[in-house]
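A short worksheet on the structure shown next.
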Amino acid sequence: YMKLFGALLRPHERTSLPGAFYFVLGTAASLAFPIKVARLSVLCLSLGDPVAAVVGTTIGGPKLVMDKSFSGTSVCLAVCFVLGFGVMGFNATESLIAALCATLAELFSSGIGIDDNLLIPITTSVGLHFYPVVIGT
């Protein structure tokens, strides 16, 4: 594994499980939910998270939590909302719930010590699937 992929790994992934492992695990966990929910959860992980990282590191700005920037966090929220509303056809409320879940998972994952590749699809799936129960509809 190290021979083939070692050059692609971040320093901390050389001594622990790589992000790709948690990506697969989080994606698999999201499949326990309806397929439309799982698809949006994986899209938020696949697009919202990396866009947040790129914007956060290139534009920067005020830091919120654990070196996460306001710009990266804001873009993650916007991208995930557009994915839900514009791409997947969820209504505005559902799209906002999914975007908030994904963004908060991305924002706080480092602080709680859980890889965001695992946390984003799970929290997005749980939030989107169960929010009707929480608000009583």
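Numbering starts fresh at 1 for the residues of each chain in the structure tokens, the chains themselves are lettered A, B, ... in the order given, and ligands are numbered from 1 as they appear.
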Per DSSP on the backbone, what are the strand (DSSP E or B) residues of region 44-75 of chain A, as a PDB file with C-alpha atoms, in the first residue's frame?
ATOM      1  CA  LYS A  63     -10.734  31.342  12.058  1.00  0.00           C
ATOM      2  CA  LEU A  64     -13.740  29.709  13.669  1.00  0.00           C
ATOM      3  CA  VAL A  65     -12.803  26.340  15.187  1.00  0.00           C
ATOM      4  CA  LYS A  68     -11.228  26.215  10.115  1.00  0.00           C
ATOM      5  CA  SER A  69     -11.874  29.498   8.334  1.00  0.00           C
TER       6      SER A  69
END
For Thr73 (chain A), please output as a list in words all residues within 7 Å (counting only C-alpha atoms; exclusion window: fewer than 5 positions along the same chain).
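Once the nearby chain positions are removed, what remains is Ala52, Thr103 and Leu107 of chain A.
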As number ranges by chain, please: every residue in chain A that a backbone DSSP assignment puts in alpha helix (DSSP H).
A: 2-5, 19-30, 35-43, 49-58, 70-82, 92-112, 116-135
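Counting from CA of Gly84 (chain A), the distance to CA of Gly56 (chain A) is 21.8 Å.
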Give me the residues near region 88-98 of chain A as a list in words, where near means some atom within 10 Å (using only C-alpha atoms) and where sequence neighbours in that chain fewer than 4 positions away do not count.
Lys36, Val37, Arg39, Leu40, Ser41, Leu43, Cys44, Leu77, Ala78, Cys80, Phe81, Val82, Leu83, Gly84, Ala102, Thr103, Leu104, Ile120, Pro121, Thr123, Thr124, Ser125, Val126, Gly127, Leu128, His129, Tyr131 and Pro132 of chain A
Within 6 Å of Phe23 (chain A) using only C-alpha atoms, minus same-chain residues under 2 positions, as a PyMOL selection string:
chain A and resi 20-21+25-26+117-118
In Å and to one decimal, CA of Ala32 (chain A) is distant from CA of Gly111 (chain A) by 26.2 Å
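Shortest atom-to-atom contact with Ser30 (chain A) among A:Ile112, A:Val134, A:Val42, A:Leu17: A:Val42, counting only C-alpha atoms.
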To one decimal place, how far is CA of Phe33 (chain A) from CA of Cys101 (chain A) in Å?
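Here the two named atoms are 15.2 Å from each other.
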Out of A:Val133, A:Met66, A:Val75, A:Ile122, which residue has the shortest atom-to-atom distance to Ser110 (chain A) when counting only C-alpha atoms?
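Closest to Ser110 (chain A), using only C-alpha atoms: A:Met66.
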